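Below: one structure, written as structure tokens.
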Amino acid sequence: MRTFYSGTVQSDEEVLHHFVARDYTIDIVVQLLGRNVDTPSCQHGLIIGTSGQGKSLLLARTELELRFNHELSSHLFPVRFSEENHEIFNIGEFWLEAMFHLARECTRSEPEIAKELDDFHSSLSKKWNSDLLENHAFNAVIETAEKLGKRLVLMVENFESLLKNTPDIFGWQLRKVLQTVPEIILLTTSNTYFNQLIDSDEPFYGFFRVIQLDPLNTADCQNLWATVTKIRLTKKEIRPLEILSGRNPRLLMMMAQIAQNKSTSTLLDIMVLLMDKKADYFHLKIDSLPKMERRVFLAVIDLWQSSSSSEICVRARMDIRTVSTMLGRLVKRGFIVIHGIGRMRKYRVSDRLFPIYYRLSRSGDQSSDVLQMIHFMSAYYWSDENPMSRLLLDEITEIATTILTSDSMMIEDAKMIDALSPVMIESMPMSLQQFLASILEDCENREFEQATIKLDFVQQSYYSEKSYDLELQYVRASILVLTIICQYELNHLKLAISTIKTLVASFQDSTSVILQRSIACSLQLMSIMLSSQGNSKSALSSINKSIDYFHSQNDPIAERWLIQSLIFKSKLELNEDMIESASSTYVDIMQKLHPLDVKDKPVLMWEALILGVLIQLAKGEIEHAMDGFQNVYAEFNSDNPRYIKSLVYLSLALLRSGAQPQRVLEIIDRDEHSRESLIPLIIVLKKKSNESFRAPQEILKIAYDIMYDSSLSE
């Protein structure tokens, strides 16, 4: 997105590339201007939107329409002013500025007119008589319009600021021209509705066709993010970015640009770097306020949530009358917004990022609550829906690494000639082992499309699909394993399932431990994919085969994956209402789990305890389930996103089964440290218990998602 004035430092292609949200707004503007082509009295437009909503970009996009849309360009001519018109203090200087920008626009298509107008502008700039300046400049603009045979669309930014910097008569003088001279059309912008628009005694009351730029919708946020990062997020994944940016296009664009850096992988990374980028802006905004207003503003920032004037008084350590006066001024400046009326009136900062920046820049509890919120958002919105699939992919990648670095991959040249086509041998830029290793590296760097291209090249040239030679079996296995990884990551699930079946058919009789493990893990991954497609029976069949393979391998790693397979099997059985089978599998899990000695045993124990609660709920044993929930919470690790998300879903499952929200809340409230990491969940439980609560808007939105949005549920 722009650093300065959108459209003046960007090429036409860049403007089109960045204009990916709110397509309907350009249609509204085009329709408005189109109706002015031959009407004796023009309708003028005012685009209203807060800072960063895309007003400048919309004007830049409109300018392209006026230049390249034949239906408009043959009748209308764009004249785009600067973003800040600091040199305009009266109506004469307004028309002088119009001359300057009109000459600039004419340079593209009418260089002679541009030269003539530019020379006249230079001579007029030396005149001091405002009446003469107005007449000469205005006449020059109208005469140029007549030479062009087109009406001029004056595109003026920050109309409210322009009116503030000019005398009251300026508005009436401009209105008279706009009402009586059809050669002039005004398309302007403002951050807010201002007095001259809403006071019936002012010149522009009811005058403009208003185009309101509201925050982006979810689809527009997804499109904007994908344009910058080349990654399309789901509705759930884009949600924390919507909440934190307030669906403001400029902020979302900045966050996307930060996320392009592969080292910026977490939501906290993005927010910290965004705060760094915005630090100067925050300092300037705060320093621009008079001392007393600044003091009240900082109090509102520090409170974060919507607060009453009396609460702000306490925080600012000031009397109510002074605070009320300062709040009124801050509202007029646009720094603060009001919610409610009368005694229910509350105030909060208009820019959502101010409180987050303020808290992150401080230490102790003030930064802790923001960090906890971001951590919860990462866990709830961004952690894997099925974390086991991510673990399996990591294990399968490790298997591929083991295969590619084994001695059996040191293939003799003679075998290579038999295994590969002559074309491949001639075009291969390196040894086959090195080439496959480069594919693995692509996968580790998440360059899956590039890896797929290389895999296609190898598969088309590789002959030895059924060779019993161990070295060539390893080549074949590594190709298939890498293909499975790419197909899954690119969401080509049907292809991934087909490739897994090929892997099983090719090596099910192999005595190689590493090949047997690749089959077992791949079957487990296939079970997850089949389950996600609603094919529970096939998923059960696949997981049972995986369990059989893991049973045949007698080592702690295989035992660990065996338990993971059994946990997933029990969940599948629950989904199929096979409650007794699920319960029997659970008993087997606990028997195998207790003697297990692996580093992630606590995670497996956590999953098993949750499974136990779900089985008790399926049996209708609410009291036993609540006892089990206490055991689950005793093992809760707030630092692990997986634990946070699981606890949210388990709490909701308890509520759906009839558990009292007060009892769930009582259990969570017992541990203060863990409690602080679960504030949105606590708000949900308080809401369900009809208890009063207050929180910042960002946290309330997360709680709302947990309660109501089915697309965000498990």
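FYI, nothing fancy with the structure tokens labels: chains A, B, ... in order, residues from 1 per chain, ligands from 1 as they appear.
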Handout entry: Shell around Tyr205 in chain A at 12 Å using only C-alpha atoms, local window under 3 positions removed, as a VMD selection string
Key = chain A and resid 171 to 172 175 193 to 202 208 to 210
Can I get the selection written as an mmCIF file, in the first residue's frame, with N, CA, C and O atoms?
data_model
loop_
_atom_site.group_PDB
_atom_site.id
_atom_site.type_symbol
_atom_site.label_atom_id
_atom_site.label_comp_id
_atom_site.auth_asym_id
_atom_site.auth_seq_id
_atom_site.Cartn_x
_atom_site.Cartn_y
_atom_site.Cartn_z
ATOM 1 N N GLY A 171 -17.143 28.415 1.246
ATOM 2 C CA GLY A 171 -18.098 27.344 0.989
ATOM 3 C C GLY A 171 -19.245 27.801 0.116
ATOM 4 O O GLY A 171 -19.668 27.091 -0.806
ATOM 5 N N TRP A 172 -19.762 28.988 0.395
ATOM 6 C CA TRP A 172 -20.877 29.505 -0.402
ATOM 7 C C TRP A 172 -20.432 29.836 -1.826
ATOM 8 O O TRP A 172 -21.176 29.598 -2.790
ATOM 9 N N ARG A 175 -20.074 26.511 -3.622
ATOM 10 C CA ARG A 175 -21.391 25.920 -3.864
ATOM 11 C C ARG A 175 -22.070 26.581 -5.058
ATOM 12 O O ARG A 175 -22.706 25.894 -5.882
ATOM 13 N N TYR A 193 -18.410 12.928 8.967
ATOM 14 C CA TYR A 193 -19.416 13.964 8.725
ATOM 15 C C TYR A 193 -19.014 15.196 9.534
ATOM 16 O O TYR A 193 -18.675 15.086 10.706
ATOM 17 N N PHE A 194 -19.071 16.377 8.924
ATOM 18 C CA PHE A 194 -18.670 17.585 9.628
ATOM 19 C C PHE A 194 -19.814 18.603 9.608
ATOM 20 O O PHE A 194 -20.846 18.400 8.953
ATOM 21 N N ASN A 195 -19.612 19.687 10.329
ATOM 22 C CA ASN A 195 -20.699 20.628 10.603
ATOM 23 C C ASN A 195 -21.354 21.164 9.334
ATOM 24 O O ASN A 195 -22.578 21.308 9.258
ATOM 25 N N GLN A 196 -20.556 21.486 8.309
ATOM 26 C CA GLN A 196 -21.112 22.056 7.075
ATOM 27 C C GLN A 196 -22.010 21.084 6.329
ATOM 28 O O GLN A 196 -22.743 21.482 5.424
ATOM 29 N N LEU A 197 -21.960 19.805 6.700
ATOM 30 C CA LEU A 197 -22.825 18.804 6.057
ATOM 31 C C LEU A 197 -24.132 18.608 6.812
ATOM 32 O O LEU A 197 -25.155 18.277 6.204
ATOM 33 N N ILE A 198 -24.117 18.789 8.124
ATOM 34 C CA ILE A 198 -25.269 18.407 8.944
ATOM 35 C C ILE A 198 -26.046 19.595 9.500
ATOM 36 O O ILE A 198 -27.143 19.422 10.034
ATOM 37 N N ASP A 199 -25.504 20.816 9.368
ATOM 38 C CA ASP A 199 -26.199 22.022 9.838
ATOM 39 C C ASP A 199 -26.951 22.634 8.664
ATOM 40 O O ASP A 199 -26.352 22.976 7.637
ATOM 41 N N SER A 200 -28.245 22.811 8.812
ATOM 42 C CA SER A 200 -29.078 23.317 7.708
ATOM 43 C C SER A 200 -28.730 24.746 7.316
ATOM 44 O O SER A 200 -29.143 25.218 6.240
ATOM 45 N N ASP A 201 -27.991 25.461 8.156
ATOM 46 C CA ASP A 201 -27.590 26.832 7.827
ATOM 47 C C ASP A 201 -26.249 26.890 7.104
ATOM 48 O O ASP A 201 -25.777 27.975 6.747
ATOM 49 N N GLU A 202 -25.631 25.754 6.894
ATOM 50 C CA GLU A 202 -24.311 25.704 6.261
ATOM 51 C C GLU A 202 -24.444 25.410 4.757
ATOM 52 O O GLU A 202 -25.438 24.837 4.306
ATOM 53 N N PHE A 208 -24.305 16.863 -1.134
ATOM 54 C CA PHE A 208 -23.529 15.821 -1.808
ATOM 55 C C PHE A 208 -24.271 14.483 -1.855
ATOM 56 O O PHE A 208 -25.098 14.181 -0.993
ATOM 57 N N ARG A 209 -23.932 13.695 -2.847
ATOM 58 C CA ARG A 209 -24.252 12.275 -2.839
ATOM 59 C C ARG A 209 -23.142 11.619 -2.029
ATOM 60 O O ARG A 209 -21.985 11.567 -2.451
ATOM 61 N N VAL A 210 -23.477 11.126 -0.831
ATOM 62 C CA VAL A 210 -22.474 10.587 0.087
ATOM 63 C C VAL A 210 -22.220 9.109 -0.203
ATOM 64 O O VAL A 210 -23.164 8.316 -0.338
#
Practice task
Fewer than 3 positions away in the same chain doesn't count, so skip those; otherwise give me all residues within 6 Å of range 374-390 of chain A, counting only C-alpha atoms, as a list in words.
Solution key: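 The contact residues come out as Lys236, Glu237, Leu371, Leu393, Pro641 and Lys645 of chain A.
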Expected file contents, prior selection, N, CA, C and O atoms, as a PDB file, in the first residue's frame:
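again.pdb written:
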ATOM      1  N   LYS A 236     -11.806 -18.397   9.164  1.00  0.00           N
ATOM      2  CA  LYS A 236     -11.318 -18.499  10.539  1.00  0.00           C
ATOM      3  C   LYS A 236      -9.934 -17.893  10.678  1.00  0.00           C
ATOM      4  O   LYS A 236      -9.646 -17.171  11.643  1.00  0.00           O
ATOM      5  N   GLU A 237      -9.071 -18.140   9.722  1.00  0.00           N
ATOM      6  CA  GLU A 237      -7.697 -17.650   9.799  1.00  0.00           C
ATOM      7  C   GLU A 237      -7.617 -16.135   9.659  1.00  0.00           C
ATOM      8  O   GLU A 237      -6.754 -15.493  10.254  1.00  0.00           O
ATOM      9  N   LEU A 371      -0.721  -9.396  25.537  1.00  0.00           N
ATOM     10  CA  LEU A 371       0.002 -10.598  25.111  1.00  0.00           C
ATOM     11  C   LEU A 371      -0.860 -11.851  25.283  1.00  0.00           C
ATOM     12  O   LEU A 371      -0.864 -12.734  24.414  1.00  0.00           O
ATOM     13  N   LEU A 393       2.849 -35.013   9.506  1.00  0.00           N
ATOM     14  CA  LEU A 393       3.626 -34.472   8.391  1.00  0.00           C
ATOM     15  C   LEU A 393       5.078 -34.263   8.797  1.00  0.00           C
ATOM     16  O   LEU A 393       5.991 -34.511   8.001  1.00  0.00           O
ATOM     17  N   PRO A 641      -0.553 -23.509  22.662  1.00  0.00           N
ATOM     18  CA  PRO A 641      -1.800 -23.143  21.970  1.00  0.00           C
ATOM     19  C   PRO A 641      -2.759 -24.320  21.823  1.00  0.00           C
ATOM     20  O   PRO A 641      -3.983 -24.138  21.858  1.00  0.00           O
ATOM     21  N   LYS A 645      -6.905 -24.263  22.813  1.00  0.00           N
ATOM     22  CA  LYS A 645      -7.991 -24.566  21.877  1.00  0.00           C
ATOM     23  C   LYS A 645      -8.784 -25.786  22.336  1.00  0.00           C
ATOM     24  O   LYS A 645     -10.025 -25.786  22.291  1.00  0.00           O
TER      25      LYS A 645
END
Exercise for the section: For Gly52 in chain A, list every protein, DNA or RNA residue within 9 Å, evaluated using only C-alpha atoms, and leave out those in the same chain fewer than 4 positions away; present the list as a PyMOL selection string. Expected result: chain A and resi 56+248-251
Could you write out that same residue set with N, CA and C atoms as a PDB file, in the first residue's frame?
ATOM      1  N   SER A  56      -8.189   7.540  -0.755  1.00  0.00           N
ATOM      2  CA  SER A  56      -7.224   7.967  -1.785  1.00  0.00           C
ATOM      3  C   SER A  56      -7.103   6.936  -2.894  1.00  0.00           C
ATOM      4  N   ASN A 248      -9.565  -2.397   8.720  1.00  0.00           N
ATOM      5  CA  ASN A 248      -9.076  -1.196   8.055  1.00  0.00           C
ATOM      6  C   ASN A 248      -8.105  -1.620   6.952  1.00  0.00           C
ATOM      7  N   PRO A 249      -8.354  -1.249   5.699  1.00  0.00           N
ATOM      8  CA  PRO A 249      -7.516  -1.737   4.584  1.00  0.00           C
ATOM      9  C   PRO A 249      -6.039  -1.398   4.738  1.00  0.00           C
ATOM     10  N   ARG A 250      -5.741  -0.171   5.182  1.00  0.00           N
ATOM     11  CA  ARG A 250      -4.336   0.218   5.273  1.00  0.00           C
ATOM     12  C   ARG A 250      -3.609  -0.603   6.337  1.00  0.00           C
ATOM     13  N   LEU A 251      -4.254  -0.780   7.498  1.00  0.00           N
ATOM     14  CA  LEU A 251      -3.627  -1.566   8.561  1.00  0.00           C
ATOM     15  C   LEU A 251      -3.475  -3.029   8.147  1.00  0.00           C
TER      16      LEU A 251
END
Handout entry: Members of range 245-436 of chain A assigned alpha helix (DSSP H) by DSSP, as number ranges by chain
Key = A: 245, 249-259, 267-287, 291-303, 309-316, 320-333, 353-360, 365-377, 387-404, 413-419, 422-427, 432-436
Suppose we keep C-alpha atoms; can you now write the selection as a compact mmCIF listing (two decimals), in the first residue's frame?
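That gives us selection.txt:
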# COMPACT_ATOMS: atom_id res chain seq x y z
CA SER A 245 -6.98 -4.20 12.25
CA PRO A 249 -7.52 -1.74 4.58
CA ARG A 250 -4.34 0.22 5.27
CA LEU A 251 -3.63 -1.57 8.56
CA LEU A 252 -4.46 -4.96 7.07
CA MET A 253 -2.16 -4.22 4.13
CA MET A 254 0.68 -3.32 6.52
CA MET A 255 0.12 -6.54 8.46
CA ALA A 256 0.17 -8.55 5.22
CA GLN A 257 3.41 -6.90 4.11
CA ILE A 258 4.97 -7.83 7.46
CA ALA A 259 3.68 -11.40 7.14
CA LEU A 267 0.47 -13.23 15.20
CA LEU A 268 2.56 -11.67 17.95
CA ASP A 269 5.46 -11.14 15.52
CA ILE A 270 3.12 -9.33 13.14
CA MET A 271 1.65 -7.13 15.87
CA VAL A 272 5.02 -6.18 17.41
CA LEU A 273 6.45 -5.20 14.01
CA LEU A 274 3.26 -3.30 13.16
CA MET A 275 3.58 -1.35 16.41
CA ASP A 276 7.19 -0.53 15.48
CA LYS A 277 6.05 0.80 12.11
CA LYS A 278 3.27 2.87 13.67
CA ALA A 279 5.28 4.15 16.68
CA ASP A 280 6.09 7.55 15.14
CA TYR A 281 2.45 8.01 14.15
CA PHE A 282 1.28 7.25 17.69
CA HIS A 283 3.82 9.65 19.21
CA LEU A 284 2.84 12.47 16.82
CA LYS A 285 -0.87 12.00 17.49
CA ILE A 286 -0.39 12.07 21.25
CA ASP A 287 2.06 14.99 21.17
CA LYS A 291 -1.73 18.97 27.83
CA MET A 292 -5.16 18.46 29.46
CA GLU A 293 -6.65 16.67 26.45
CA ARG A 294 -3.59 14.45 26.28
CA ARG A 295 -4.00 13.49 29.91
CA VAL A 296 -7.62 12.46 29.42
CA PHE A 297 -6.80 10.67 26.16
CA LEU A 298 -4.08 8.62 27.84
CA ALA A 299 -6.54 7.69 30.58
CA VAL A 300 -9.00 6.38 27.98
CA ILE A 301 -6.19 4.46 26.27
CA ASP A 302 -5.08 2.93 29.54
CA LEU A 303 -8.62 1.80 30.43
CA SER A 309 -16.69 9.68 32.35
CA SER A 310 -16.50 8.93 36.08
CA GLU A 311 -14.14 5.98 35.45
CA ILE A 312 -12.00 8.19 33.24
CA CYS A 313 -11.93 10.83 36.01
CA VAL A 314 -10.51 8.33 38.46
CA ARG A 315 -7.85 7.14 36.02
CA ALA A 316 -6.91 10.69 34.91
CA ILE A 320 -15.58 15.50 36.26
CA ARG A 321 -16.24 18.92 34.72
CA THR A 322 -12.77 19.20 33.21
CA VAL A 323 -12.83 15.61 32.00
CA SER A 324 -16.24 16.09 30.35
CA THR A 325 -14.96 19.18 28.54
CA MET A 326 -11.81 17.40 27.36
CA LEU A 327 -13.81 14.36 26.22
CA GLY A 328 -16.03 16.63 24.12
CA ARG A 329 -12.99 18.12 22.42
CA LEU A 330 -11.45 14.70 21.82
CA VAL A 331 -14.70 13.47 20.26
CA LYS A 332 -14.68 16.46 17.87
CA ARG A 333 -11.08 15.71 16.93
CA LEU A 353 -4.34 0.06 17.90
CA PHE A 354 -3.66 2.90 20.35
CA PRO A 355 -4.42 0.86 23.51
CA ILE A 356 -2.57 -2.18 22.15
CA TYR A 357 0.48 -0.08 21.31
CA TYR A 358 0.34 1.69 24.69
CA ARG A 359 0.20 -1.60 26.59
CA LEU A 360 2.83 -3.41 24.54
CA ASP A 365 0.35 -6.41 33.80
CA GLN A 366 -0.46 -3.76 31.19
CA SER A 367 1.47 -5.60 28.49
CA SER A 368 0.50 -9.01 29.86
CA ASP A 369 -3.21 -8.68 29.10
CA VAL A 370 -2.53 -7.78 25.46
CA LEU A 371 0.00 -10.60 25.11
CA GLN A 372 -2.49 -13.06 26.62
CA MET A 373 -5.17 -11.90 24.19
CA ILE A 374 -2.89 -12.32 21.16
CA HIS A 375 -1.75 -15.72 22.43
CA PHE A 376 -5.38 -16.81 22.81
CA MET A 377 -6.23 -15.56 19.31
CA PRO A 387 -2.73 -30.96 15.28
CA MET A 388 -2.09 -34.66 14.78
CA SER A 389 -1.91 -34.09 11.02
CA ARG A 390 0.88 -31.55 11.53
CA LEU A 391 2.77 -33.96 13.77
CA LEU A 392 2.34 -36.70 11.19
CA LEU A 393 3.63 -34.47 8.39
CA ASP A 394 6.67 -33.63 10.52
CA GLU A 395 7.22 -37.36 11.12
CA ILE A 396 6.77 -38.20 7.42
CA THR A 397 9.22 -35.42 6.51
CA GLU A 398 11.67 -36.91 9.01
CA ILE A 399 11.18 -40.32 7.38
CA ALA A 400 11.94 -38.79 3.97
CA THR A 401 15.10 -37.24 5.43
CA THR A 402 16.14 -40.59 6.88
CA ILE A 403 15.62 -42.36 3.57
CA LEU A 404 17.50 -39.73 1.58
CA ASP A 413 25.64 -45.59 -11.90
CA ALA A 414 24.64 -48.84 -13.64
CA LYS A 415 21.47 -49.11 -11.57
CA MET A 416 20.70 -45.46 -12.29
CA ILE A 417 20.91 -46.05 -16.04
CA ASP A 418 18.41 -48.90 -15.70
CA ALA A 419 16.09 -46.93 -13.42
CA PRO A 422 17.91 -41.32 -20.99
CA VAL A 423 16.25 -37.87 -21.17
CA MET A 424 16.27 -37.55 -17.41
CA ILE A 425 19.88 -38.67 -17.10
CA GLU A 426 20.95 -36.06 -19.67
CA SER A 427 18.87 -33.21 -18.15
CA LEU A 432 19.32 -38.16 -8.15
CA GLN A 433 19.97 -38.16 -4.41
CA GLN A 434 20.84 -34.46 -4.53
CA PHE A 435 17.81 -33.73 -6.70
CA LEU A 436 15.46 -35.47 -4.26
Handout entry: Atomic separation - CA of Lys454 in chain A relative to CA of Arg476 in chain A, Å
Key =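 Atom-to-atom, CA of Arg476 in chain A to CA of Lys454 in chain A, that is 14.3 Å.
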Handout entry: Residue nearest Ile243 in chain A - candidates A:Asn223, A:Asn631, A:Ser522, A:Asn217, atoms counted: only C-alpha atoms
Key =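 The answer is A:Asn217, which sits nearest to Ile243 in chain A.
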Exercise for the section: List every residue of range 183-420 of chain A that DSSP, applied to the backbone of this structure, places in strand (DSSP E or B), and write the result as number ranges by chain. Expected result: A: 184-190, 209-212, 307, 336-339, 346-349, 420
Handout entry: 12 Å contact set for Lys164 in chain A, only C-alpha atoms, chain neighbours under 4 positions out, as an MDAnalysis selection string
Key = chainID A and resid 85:86 88:90 158:160 168:171 194:196
